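Have a look at protein_23.pdb below; it lists PDB, C-alpha atoms, pLDDT in the B column.
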```
ATOM      1  CA  MET U1052      -5.206 -10.516 -13.625  1.00 37.00           C
ATOM      2  CA  ARG U1053      -6.982  -7.579 -12.013  1.00 41.00           C
ATOM      3  CA  ASP U1054      -7.679  -9.502  -8.815  1.00 49.00           C
ATOM      4  CA  THR U1055      -4.273 -11.135  -8.347  1.00 81.00           C
ATOM      5  CA  LEU U1056      -3.391  -9.048  -5.303  1.00 92.00           C
ATOM      6  CA  PRO U1057      -4.833 -10.156  -1.980  1.00 94.00           C
ATOM      7  CA  ASN U1058      -7.030  -7.750  -0.036  1.00 94.00           C
ATOM      8  CA  LYS U1059      -5.984  -6.191   3.257  1.00 95.00           C
ATOM      9  CA  ASN U1060      -7.796  -8.772   5.378  1.00 94.00           C
ATOM     10  CA  GLN U1061      -6.023 -11.625   3.618  1.00 94.00           C
ATOM     11  CA  VAL U1062      -2.646  -9.936   4.122  1.00 96.00           C
ATOM     12  CA  LEU U1063      -3.334  -9.281   7.807  1.00 96.00           C
ATOM     13  CA  GLN U1064      -4.459 -12.893   8.308  1.00 95.00           C
ATOM     14  CA  ALA U1065      -1.286 -14.107   6.616  1.00 96.00           C
ATOM     15  CA  CYS U1066       0.804 -11.879   8.872  1.00 95.00           C
ATOM     16  CA  ARG U1067      -0.765 -13.645  11.849  1.00 93.00           C
ATOM     17  CA  GLY U1068      -0.117 -17.095  10.449  1.00 87.00           C
ATOM     18  CA  THR U1069      -3.412 -18.074   8.850  1.00 82.00           C
ATOM     19  CA  GLY U1070      -4.832 -17.996   5.364  1.00 71.00           C
ATOM     20  CA  PHE U1071      -1.738 -17.925   3.185  1.00 69.00           C
ATOM     21  CA  PRO U1072      -1.603 -21.222   1.263  1.00 72.00           C
ATOM     22  CA  GLY U1073      -0.934 -20.941  -2.419  1.00 80.00           C
ATOM     23  CA  HIS U1074      -0.396 -17.204  -2.807  1.00 90.00           C
ATOM     24  CA  PRO U1075       3.216 -16.019  -2.913  1.00 92.00           C
ATOM     25  CA  LEU U1076       2.447 -12.570  -1.474  1.00 94.00           C
ATOM     26  CA  LEU U1077       0.582 -14.023   1.477  1.00 95.00           C
ATOM     27  CA  ARG U1078       3.356 -16.524   2.183  1.00 95.00           C
ATOM     28  CA  ALA U1079       5.911 -13.707   2.028  1.00 96.00           C
ATOM     29  CA  ALA U1080       3.789 -11.510   4.344  1.00 97.00           C
ATOM     30  CA  HIS U1081       3.722 -14.354   6.860  1.00 96.00           C
ATOM     31  CA  ASP U1082       7.473 -14.950   6.574  1.00 96.00           C
ATOM     32  CA  LEU U1083       8.227 -11.226   6.904  1.00 97.00           C
ATOM     33  CA  THR U1084       6.165 -11.010  10.089  1.00 97.00           C
ATOM     34  CA  GLU U1085       8.032 -13.964  11.572  1.00 96.00           C
ATOM     35  CA  LEU U1086      11.340 -12.253  10.762  1.00 97.00           C
ATOM     36  CA  HIS U1087      10.174  -9.013  12.389  1.00 97.00           C
ATOM     37  CA  GLU U1088       9.033 -10.915  15.478  1.00 95.00           C
ATOM     38  CA  ARG U1089      12.419 -12.633  15.725  1.00 95.00           C
ATOM     39  CA  ARG U1090      14.147  -9.274  15.265  1.00 96.00           C
ATOM     40  CA  LEU U1091      12.483  -7.798  18.367  1.00 93.00           C
ATOM     41  CA  GLY U1092      15.215  -7.973  20.987  1.00 87.00           C
ATOM     42  CA  ALA U1093      17.645  -9.831  18.684  1.00 93.00           C
ATOM     43  CA  SER U1094      21.399  -9.389  18.845  1.00 94.00           C
ATOM     44  CA  VAL U1095      23.028  -7.117  16.293  1.00 95.00           C
ATOM     45  CA  GLU U1096      24.454 -10.092  14.410  1.00 95.00           C
ATOM     46  CA  LEU U1097      21.092 -11.826  14.214  1.00 96.00           C
ATOM     47  CA  ALA U1098      19.347  -8.576  13.245  1.00 95.00           C
ATOM     48  CA  VAL U1099      21.705  -8.172  10.280  1.00 96.00           C
ATOM     49  CA  GLU U1100      20.990 -11.739   9.154  1.00 96.00           C
ATOM     50  CA  LEU U1101      17.229 -11.252   9.528  1.00 97.00           C
ATOM     51  CA  ASP U1102      17.354  -7.955   7.623  1.00 97.00           C
ATOM     52  CA  THR U1103      19.163  -9.666   4.751  1.00 97.00           C
ATOM     53  CA  ARG U1104      16.417 -12.289   4.604  1.00 97.00           C
ATOM     54  CA  ARG U1105      13.773  -9.543   4.738  1.00 97.00           C
ATOM     55  CA  THR U1106      15.421  -7.716   1.853  1.00 97.00           C
ATOM     56  CA  ASP U1107      15.354 -10.928  -0.183  1.00 98.00           C
ATOM     57  CA  LEU U1108      11.644 -11.472   0.545  1.00 97.00           C
ATOM     58  CA  VAL U1109      10.772  -7.880  -0.379  1.00 98.00           C
ATOM     59  CA  HIS U1110      12.655  -8.325  -3.648  1.00 97.00           C
ATOM     60  CA  GLN U1111      10.804 -11.594  -4.333  1.00 96.00           C
ATOM     61  CA  ILE U1112       7.471  -9.818  -3.797  1.00 96.00           C
ATOM     62  CA  ASP U1113       8.456  -7.020  -6.147  1.00 94.00           C
ATOM     63  CA  CYS U1114       9.583  -9.470  -8.849  1.00 93.00           C
ATOM     64  CA  TRP U1115       6.330 -11.413  -8.543  1.00 93.00           C
ATOM     65  CA  VAL U1116       4.233  -8.244  -8.782  1.00 92.00           C
ATOM     66  CA  THR U1117       6.136  -7.047 -11.854  1.00 88.00           C
ATOM     67  CA  ALA U1118       5.634 -10.406 -13.573  1.00 89.00           C
ATOM     68  CA  ALA U1119       2.008 -10.982 -12.528  1.00 88.00           C
ATOM     69  CA  LEU U1120       0.369  -7.621 -13.108  1.00 86.00           C
ATOM     70  CA  PRO U1121      -0.377  -5.953 -16.414  1.00 80.00           C
ATOM     71  CA  PRO U1122       1.515  -2.756 -17.253  1.00 78.00           C
ATOM     72  CA  SER U1123       0.035   0.480 -15.940  1.00 80.00           C
ATOM     73  CA  HIS U1124      -1.410   3.240 -18.087  1.00 77.00           C
ATOM     74  CA  GLY U1125       1.113   5.696 -19.506  1.00 78.00           C
ATOM     75  CA  ALA U1126      -0.220   8.491 -17.312  1.00 83.00           C
ATOM     76  CA  ALA U1127      -0.322   6.424 -14.116  1.00 87.00           C
ATOM     77  CA  ARG U1128       1.160   8.155 -11.090  1.00 90.00           C
ATOM     78  CA  VAL U1129       4.162   6.489  -9.500  1.00 89.00           C
ATOM     79  CA  HIS U1130       3.865   5.368  -5.871  1.00 92.00           C
ATOM     80  CA  THR U1131       6.726   6.153  -3.495  1.00 92.00           C
ATOM     81  CA  GLU U1132       7.265   2.546  -2.375  1.00 95.00           C
ATOM     82  CA  THR U1133       7.219  -0.861  -3.941  1.00 95.00           C
ATOM     83  CA  LEU U1134       4.490  -3.277  -2.924  1.00 96.00           C
ATOM     84  CA  GLY U1135       7.131  -5.406  -1.212  1.00 97.00           C
ATOM     85  CA  ALA U1136       8.120  -2.446   0.962  1.00 97.00           C
ATOM     86  CA  VAL U1137       4.492  -1.811   1.914  1.00 98.00           C
ATOM     87  CA  ILE U1138       3.945  -5.468   2.825  1.00 98.00           C
ATOM     88  CA  ASP U1139       7.173  -5.417   4.846  1.00 98.00           C
ATOM     89  CA  ARG U1140       5.858  -2.422   6.809  1.00 97.00           C
ATOM     90  CA  LEU U1141       2.551  -4.231   7.371  1.00 98.00           C
ATOM     91  CA  ALA U1142       4.514  -7.191   8.726  1.00 97.00           C
ATOM     92  CA  LEU U1143       6.559  -4.892  10.974  1.00 97.00           C
ATOM     93  CA  LEU U1144       3.480  -3.153  12.359  1.00 96.00           C
ATOM     94  CA  THR U1145       1.757  -6.513  12.883  1.00 96.00           C
ATOM     95  CA  ALA U1146       4.729  -7.784  14.890  1.00 95.00           C
ATOM     96  CA  HIS U1147       4.746  -4.583  16.967  1.00 93.00           C
ATOM     97  CA  ALA U1148       0.976  -4.633  17.467  1.00 93.00           C
ATOM     98  CA  TYR U1149       0.992  -8.158  18.852  1.00 90.00           C
ATOM     99  CA  ALA U1150       4.066  -7.461  20.998  1.00 91.00           C
ATOM    100  CA  ALA U1151       2.273  -4.380  22.335  1.00 90.00           C
ATOM    101  CA  LEU U1152      -0.547  -6.567  23.642  1.00 87.00           C
ATOM    102  CA  ALA U1153       1.866  -7.817  26.298  1.00 86.00           C
ATOM    103  CA  HIS U1154       3.675  -4.589  27.129  1.00 83.00           C
ATOM    104  CA  ALA U1155       1.907  -1.400  26.050  1.00 77.00           C
ATOM    105  CA  THR U1156      -0.454   0.845  27.954  1.00 83.00           C
ATOM    106  CA  GLY U1157      -3.949   1.653  26.684  1.00 85.00           C
ATOM    107  CA  GLN U1158      -3.050   4.731  24.630  1.00 88.00           C
ATOM    108  CA  GLU U1159       0.153   3.190  23.261  1.00 88.00           C
ATOM    109  CA  LEU U1160      -1.691   0.044  22.331  1.00 89.00           C
ATOM    110  CA  ALA U1161      -4.443   1.951  20.571  1.00 91.00           C
ATOM    111  CA  MET U1162      -1.889   3.972  18.567  1.00 93.00           C
ATOM    112  CA  VAL U1163      -0.014   0.870  17.390  1.00 92.00           C
ATOM    113  CA  TRP U1164      -3.220  -0.824  16.255  1.00 93.00           C
ATOM    114  CA  GLU U1165      -4.472   2.358  14.581  1.00 95.00           C
ATOM    115  CA  ASN U1166      -1.218   2.657  12.620  1.00 96.00           C
ATOM    116  CA  LEU U1167      -1.602  -0.944  11.462  1.00 96.00           C
ATOM    117  CA  ALA U1168      -5.224  -0.372  10.415  1.00 96.00           C
ATOM    118  CA  GLU U1169      -4.330   2.804   8.486  1.00 97.00           C
ATOM    119  CA  LEU U1170      -1.496   1.114   6.618  1.00 97.00           C
ATOM    120  CA  ALA U1171      -3.761  -1.847   5.792  1.00 97.00           C
ATOM    121  CA  VAL U1172      -6.272   0.545   4.201  1.00 97.00           C
ATOM    122  CA  GLY U1173      -3.408   2.245   2.345  1.00 97.00           C
ATOM    123  CA  TYR U1174      -2.224  -1.138   1.064  1.00 97.00           C
ATOM    124  CA  GLU U1175      -5.704  -1.997  -0.210  1.00 96.00           C
ATOM    125  CA  ASP U1176      -6.032   1.378  -1.966  1.00 96.00           C
ATOM    126  CA  LEU U1177      -2.619   0.924  -3.571  1.00 95.00           C
ATOM    127  CA  ALA U1178      -3.395  -2.661  -4.630  1.00 94.00           C
ATOM    128  CA  SER U1179      -6.635  -1.521  -6.246  1.00 92.00           C
ATOM    129  CA  GLU U1180      -4.951   1.352  -8.095  1.00 92.00           C
ATOM    130  CA  VAL U1181      -2.086  -0.865  -9.282  1.00 92.00           C
ATOM    131  CA  CYS U1182      -4.461  -3.585 -10.497  1.00 89.00           C
ATOM    132  CA  THR U1183      -6.543  -1.070 -12.457  1.00 87.00           C
ATOM    133  CA  GLY U1184      -3.484   0.621 -13.944  1.00 87.00           C
ATOM    134  CA  ARG U1185      -4.116   4.000 -12.298  1.00 89.00           C
ATOM    135  CA  ARG U1186      -0.935   3.761 -10.239  1.00 91.00           C
ATOM    136  CA  ARG U1187       2.423   2.236 -10.976  1.00 90.00           C
ATOM    137  CA  LEU U1188       5.121   1.055  -8.674  1.00 91.00           C
ATOM    138  CA  PRO U1189       8.742   2.254  -8.669  1.00 89.00           C
ATOM    139  CA  GLY U1190      10.832   0.395 -11.209  1.00 78.00           C
ATOM    140  CA  THR U1191       7.884  -0.606 -13.401  1.00 70.00           C
ATOM    141  CA  HIS U1192       6.651   0.957 -16.605  1.00 59.00           C
TER     142      HIS U1192
END
```

Using the file provided, produce a representation of the structure as structure tokens.
Amino acid sequence: MRDTLPNKNQVLQACRGTGFPGHPLLRAAHDLTELHERRLGASVELAVELDTRRTDLVHQIDCWVTAALPPSHGAARVHTETLGAVIDRLALLTAHAYAALAHATGQELAMVWENLAELAVGYEDLASEVCTGRRRLPGTH
């Protein structure tokens, strides 16, 4: 069970539409990115609908993580976000990073990609700590 969470490269590949067959978190990462891409420039009505679908996907991720991972140690520190929320932010930053390729200037583009890279490293650190029981997620014991 300790290796049930995908690494950052797998999540980033899934966000871009490759490498997600069979793993529910990777499928959800892909779907979240598609929703964020559709949300860019969407009408208010469509944005509300897309956000509802995103909320459902984040909840599905969190339910899967709670069911799939062993409980954390009693002294494990609590993280500020659920894993679903972190993956949703990775999907958002991925959508923005690829949109920036068409519209951003050099410095803007570099900043967007740096933010994505930093969050990906943060995800991998969190996944490792959760899998080893050193960190727990909100709502879990």

- request: With a distance cut-off of 12 Å and all atoms listed in the file, select the neighbouring residues of U:Arg1089, excluding the residue or stretch itself and same-chain residues fewer than 2 positions from it, and output the selection as a ChimeraX atom specification.
  value: /U:1082-1087,1091-1095,1097-1102,1104-1105,1142-1143,1146-1147,1150

Export of prior selection with C-alpha atoms as a PDB file, in the coordinates of the input:
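Final output, saved to part06.pdb:
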```pdb
ATOM      1  CA  ASP U1082       7.473 -14.950   6.574  1.00 96.00           C
ATOM      2  CA  LEU U1083       8.227 -11.226   6.904  1.00 97.00           C
ATOM      3  CA  THR U1084       6.165 -11.010  10.089  1.00 97.00           C
ATOM      4  CA  GLU U1085       8.032 -13.964  11.572  1.00 96.00           C
ATOM      5  CA  LEU U1086      11.340 -12.253  10.762  1.00 97.00           C
ATOM      6  CA  HIS U1087      10.174  -9.013  12.389  1.00 97.00           C
ATOM      7  CA  LEU U1091      12.483  -7.798  18.367  1.00 93.00           C
ATOM      8  CA  GLY U1092      15.215  -7.973  20.987  1.00 87.00           C
ATOM      9  CA  ALA U1093      17.645  -9.831  18.684  1.00 93.00           C
ATOM     10  CA  SER U1094      21.399  -9.389  18.845  1.00 94.00           C
ATOM     11  CA  VAL U1095      23.028  -7.117  16.293  1.00 95.00           C
ATOM     12  CA  LEU U1097      21.092 -11.826  14.214  1.00 96.00           C
ATOM     13  CA  ALA U1098      19.347  -8.576  13.245  1.00 95.00           C
ATOM     14  CA  VAL U1099      21.705  -8.172  10.280  1.00 96.00           C
ATOM     15  CA  GLU U1100      20.990 -11.739   9.154  1.00 96.00           C
ATOM     16  CA  LEU U1101      17.229 -11.252   9.528  1.00 97.00           C
ATOM     17  CA  ASP U1102      17.354  -7.955   7.623  1.00 97.00           C
ATOM     18  CA  ARG U1104      16.417 -12.289   4.604  1.00 97.00           C
ATOM     19  CA  ARG U1105      13.773  -9.543   4.738  1.00 97.00           C
ATOM     20  CA  ALA U1142       4.514  -7.191   8.726  1.00 97.00           C
ATOM     21  CA  LEU U1143       6.559  -4.892  10.974  1.00 97.00           C
ATOM     22  CA  ALA U1146       4.729  -7.784  14.890  1.00 95.00           C
ATOM     23  CA  HIS U1147       4.746  -4.583  16.967  1.00 93.00           C
ATOM     24  CA  ALA U1150       4.066  -7.461  20.998  1.00 91.00           C
TER      25      ALA U1150
END
```

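The interatomic distance for the pair atom CA of U:Leu1141 and atom CA of U:Thr1055 works out to 18.5 Å.
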
message: So that I can see what lies close to U:Asn1058, please list as an MDAnalysis selection string the residues with an atom at most 9 Å from it, counting all atoms listed in the file and leaving out residues fewer than 3 positions away in the same chain.
response: chainID U and resid 1054 1061:1063 1171 1174:1175 1178:1179

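You will find atom CA of U:Pro1072 at 23.0 Å from atom CA of U:Leu1170.
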
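Minimum atom-to-atom distance to U:Leu1077, evaluated using all atoms listed in the file, belongs to U:Ile1112 out of U:Glu1132, U:Asp1107, U:Arg1090, U:Ile1112.
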
task: Might you pull out every residue within 10 Å of U:Trp1164, with all atoms listed in the file counted and same-chain residues fewer than 6 positions away left off, and present them as a PyMOL selection string?
output: chain U and resi 1144-1145+1147-1149+1151-1152+1170

task: Compare U:Val1181, U:Asp1113, U:Ala1080, U:Gly1135 by their minimum atom-to-atom distance to U:Asn1060, counting all atoms listed in the file, and give me the closest one.
output: U:Ala1080

- line: Expressed in Å, the length from atom CA of U:Thr1183 to atom CA of U:Leu1076 is 18.3 Å

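Closest approach to U:Cys1066 from the set U:Ala1168, U:Val1163, U:Ala1079, U:Ser1123 is made by U:Ala1079, with distances taken over all atoms listed in the file.
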
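Near U:Arg1187, within a cut-off of 9 Å and counting all atoms listed in the file, sit the residues Pro1122, Ser1123, His1124, Ala1127, Arg1128, Val1129, His1130, Glu1180, Val1181 and His1192 of chain U, with same-chain residues fewer than 5 positions away left out.
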
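Using all atoms listed in the file, the nearest neighbour of U:Ala1126 within the list U:Gln1064, U:Gly1184, U:His1074, U:Leu1056 is U:Gly1184.
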
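Closest approach to U:Glu1169 from the set U:Val1137, U:Thr1131, U:Gly1073, U:Val1116 is made by U:Val1137, with distances taken over only C-alpha atoms.
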
Kindly output stretch 1086-1114 of chain U as a PDB file, in the coordinates of the input, after building N, CA and C atoms.
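Saved result, part.pdb, follows:
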```pdb
ATOM      1  N   LEU U1086      10.006 -12.862  10.666  1.00 97.00           N
ATOM      2  CA  LEU U1086      11.340 -12.253  10.762  1.00 97.00           C
ATOM      3  C   LEU U1086      11.314 -11.022  11.658  1.00 97.00           C
ATOM      4  N   HIS U1087      10.283 -10.198  11.530  1.00 97.00           N
ATOM      5  CA  HIS U1087      10.174  -9.013  12.389  1.00 97.00           C
ATOM      6  C   HIS U1087       9.989  -9.410  13.854  1.00 97.00           C
ATOM      7  N   GLU U1088       9.215 -10.449  14.098  1.00 95.00           N
ATOM      8  CA  GLU U1088       9.033 -10.915  15.478  1.00 95.00           C
ATOM      9  C   GLU U1088      10.354 -11.411  16.061  1.00 95.00           C
ATOM     10  N   ARG U1089      11.113 -12.147  15.269  1.00 95.00           N
ATOM     11  CA  ARG U1089      12.419 -12.633  15.725  1.00 95.00           C
ATOM     12  C   ARG U1089      13.397 -11.487  15.939  1.00 95.00           C
ATOM     13  N   ARG U1090      13.230 -10.412  15.175  1.00 96.00           N
ATOM     14  CA  ARG U1090      14.147  -9.274  15.265  1.00 96.00           C
ATOM     15  C   ARG U1090      13.952  -8.475  16.548  1.00 96.00           C
ATOM     16  N   LEU U1091      12.744  -8.512  17.113  1.00 93.00           N
ATOM     17  CA  LEU U1091      12.483  -7.798  18.367  1.00 93.00           C
ATOM     18  C   LEU U1091      13.401  -8.354  19.456  1.00 93.00           C
ATOM     19  N   GLY U1092      14.298  -7.547  19.931  1.00 87.00           N
ATOM     20  CA  GLY U1092      15.215  -7.973  20.987  1.00 87.00           C
ATOM     21  C   GLY U1092      16.360  -8.847  20.515  1.00 87.00           C
ATOM     22  N   ALA U1093      16.570  -8.983  19.210  1.00 93.00           N
ATOM     23  CA  ALA U1093      17.645  -9.831  18.684  1.00 93.00           C
ATOM     24  C   ALA U1093      18.995  -9.139  18.834  1.00 93.00           C
ATOM     25  N   SER U1094      20.043  -9.933  18.835  1.00 94.00           N
ATOM     26  CA  SER U1094      21.399  -9.389  18.845  1.00 94.00           C
ATOM     27  C   SER U1094      21.654  -8.664  17.522  1.00 94.00           C
ATOM     28  N   VAL U1095      22.687  -7.860  17.508  1.00 95.00           N
ATOM     29  CA  VAL U1095      23.028  -7.117  16.293  1.00 95.00           C
ATOM     30  C   VAL U1095      23.342  -8.076  15.152  1.00 95.00           C
ATOM     31  N   GLU U1096      24.077  -9.131  15.443  1.00 95.00           N
ATOM     32  CA  GLU U1096      24.454 -10.092  14.410  1.00 95.00           C
ATOM     33  C   GLU U1096      23.222 -10.769  13.823  1.00 95.00           C
ATOM     34  N   LEU U1097      22.313 -11.182  14.691  1.00 96.00           N
ATOM     35  CA  LEU U1097      21.092 -11.826  14.214  1.00 96.00           C
ATOM     36  C   LEU U1097      20.219 -10.836  13.455  1.00 96.00           C
ATOM     37  N   ALA U1098      20.152  -9.594  13.922  1.00 95.00           N
ATOM     38  CA  ALA U1098      19.347  -8.576  13.245  1.00 95.00           C
ATOM     39  C   ALA U1098      19.840  -8.355  11.824  1.00 95.00           C
ATOM     40  N   VAL U1099      21.141  -8.344  11.620  1.00 96.00           N
ATOM     41  CA  VAL U1099      21.705  -8.172  10.280  1.00 96.00           C
ATOM     42  C   VAL U1099      21.298  -9.347   9.388  1.00 96.00           C
ATOM     43  N   GLU U1100      21.381 -10.554   9.922  1.00 96.00           N
ATOM     44  CA  GLU U1100      20.990 -11.739   9.154  1.00 96.00           C
ATOM     45  C   GLU U1100      19.501 -11.698   8.802  1.00 96.00           C
ATOM     46  N   LEU U1101      18.668 -11.335   9.765  1.00 97.00           N
ATOM     47  CA  LEU U1101      17.229 -11.252   9.528  1.00 97.00           C
ATOM     48  C   LEU U1101      16.897 -10.167   8.509  1.00 97.00           C
ATOM     49  N   ASP U1102      17.595  -9.040   8.584  1.00 97.00           N
ATOM     50  CA  ASP U1102      17.354  -7.955   7.623  1.00 97.00           C
ATOM     51  C   ASP U1102      17.738  -8.372   6.206  1.00 97.00           C
ATOM     52  N   THR U1103      18.777  -9.164   6.073  1.00 97.00           N
ATOM     53  CA  THR U1103      19.163  -9.666   4.751  1.00 97.00           C
ATOM     54  C   THR U1103      18.066 -10.561   4.197  1.00 97.00           C
ATOM     55  N   ARG U1104      17.509 -11.413   5.038  1.00 97.00           N
ATOM     56  CA  ARG U1104      16.417 -12.289   4.604  1.00 97.00           C
ATOM     57  C   ARG U1104      15.169 -11.472   4.263  1.00 97.00           C
ATOM     58  N   ARG U1105      14.909 -10.416   5.041  1.00 97.00           N
ATOM     59  CA  ARG U1105      13.773  -9.543   4.738  1.00 97.00           C
ATOM     60  C   ARG U1105      13.961  -8.863   3.384  1.00 97.00           C
ATOM     61  N   THR U1106      15.136  -8.367   3.135  1.00 97.00           N
ATOM     62  CA  THR U1106      15.421  -7.716   1.853  1.00 97.00           C
ATOM     63  C   THR U1106      15.175  -8.675   0.697  1.00 97.00           C
ATOM     64  N   ASP U1107      15.589  -9.919   0.853  1.00 98.00           N
ATOM     65  CA  ASP U1107      15.354 -10.928  -0.183  1.00 98.00           C
ATOM     66  C   ASP U1107      13.858 -11.163  -0.404  1.00 98.00           C
ATOM     67  N   LEU U1108      13.092 -11.259   0.673  1.00 97.00           N
ATOM     68  CA  LEU U1108      11.644 -11.472   0.545  1.00 97.00           C
ATOM     69  C   LEU U1108      10.954 -10.284  -0.122  1.00 97.00           C
ATOM     70  N   VAL U1109      11.346  -9.076   0.247  1.00 98.00           N
ATOM     71  CA  VAL U1109      10.772  -7.880  -0.379  1.00 98.00           C
ATOM     72  C   VAL U1109      11.068  -7.896  -1.872  1.00 98.00           C
ATOM     73  N   HIS U1110      12.285  -8.252  -2.232  1.00 97.00           N
ATOM     74  CA  HIS U1110      12.655  -8.325  -3.648  1.00 97.00           C
ATOM     75  C   HIS U1110      11.836  -9.396  -4.372  1.00 97.00           C
ATOM     76  N   GLN U1111      11.621 -10.540  -3.729  1.00 96.00           N
ATOM     77  CA  GLN U1111      10.804 -11.594  -4.333  1.00 96.00           C
ATOM     78  C   GLN U1111       9.372 -11.107  -4.581  1.00 96.00           C
ATOM     79  N   ILE U1112       8.816 -10.380  -3.623  1.00 96.00           N
ATOM     80  CA  ILE U1112       7.471  -9.818  -3.797  1.00 96.00           C
ATOM     81  C   ILE U1112       7.458  -8.888  -4.998  1.00 96.00           C
ATOM     82  N   ASP U1113       8.420  -8.001  -5.059  1.00 94.00           N
ATOM     83  CA  ASP U1113       8.456  -7.020  -6.147  1.00 94.00           C
ATOM     84  C   ASP U1113       8.622  -7.684  -7.507  1.00 94.00           C
ATOM     85  N   CYS U1114       9.428  -8.729  -7.581  1.00 93.00           N
ATOM     86  CA  CYS U1114       9.583  -9.470  -8.849  1.00 93.00           C
ATOM     87  C   CYS U1114       8.280 -10.149  -9.234  1.00 93.00           C
TER      88      CYS U1114
END
```
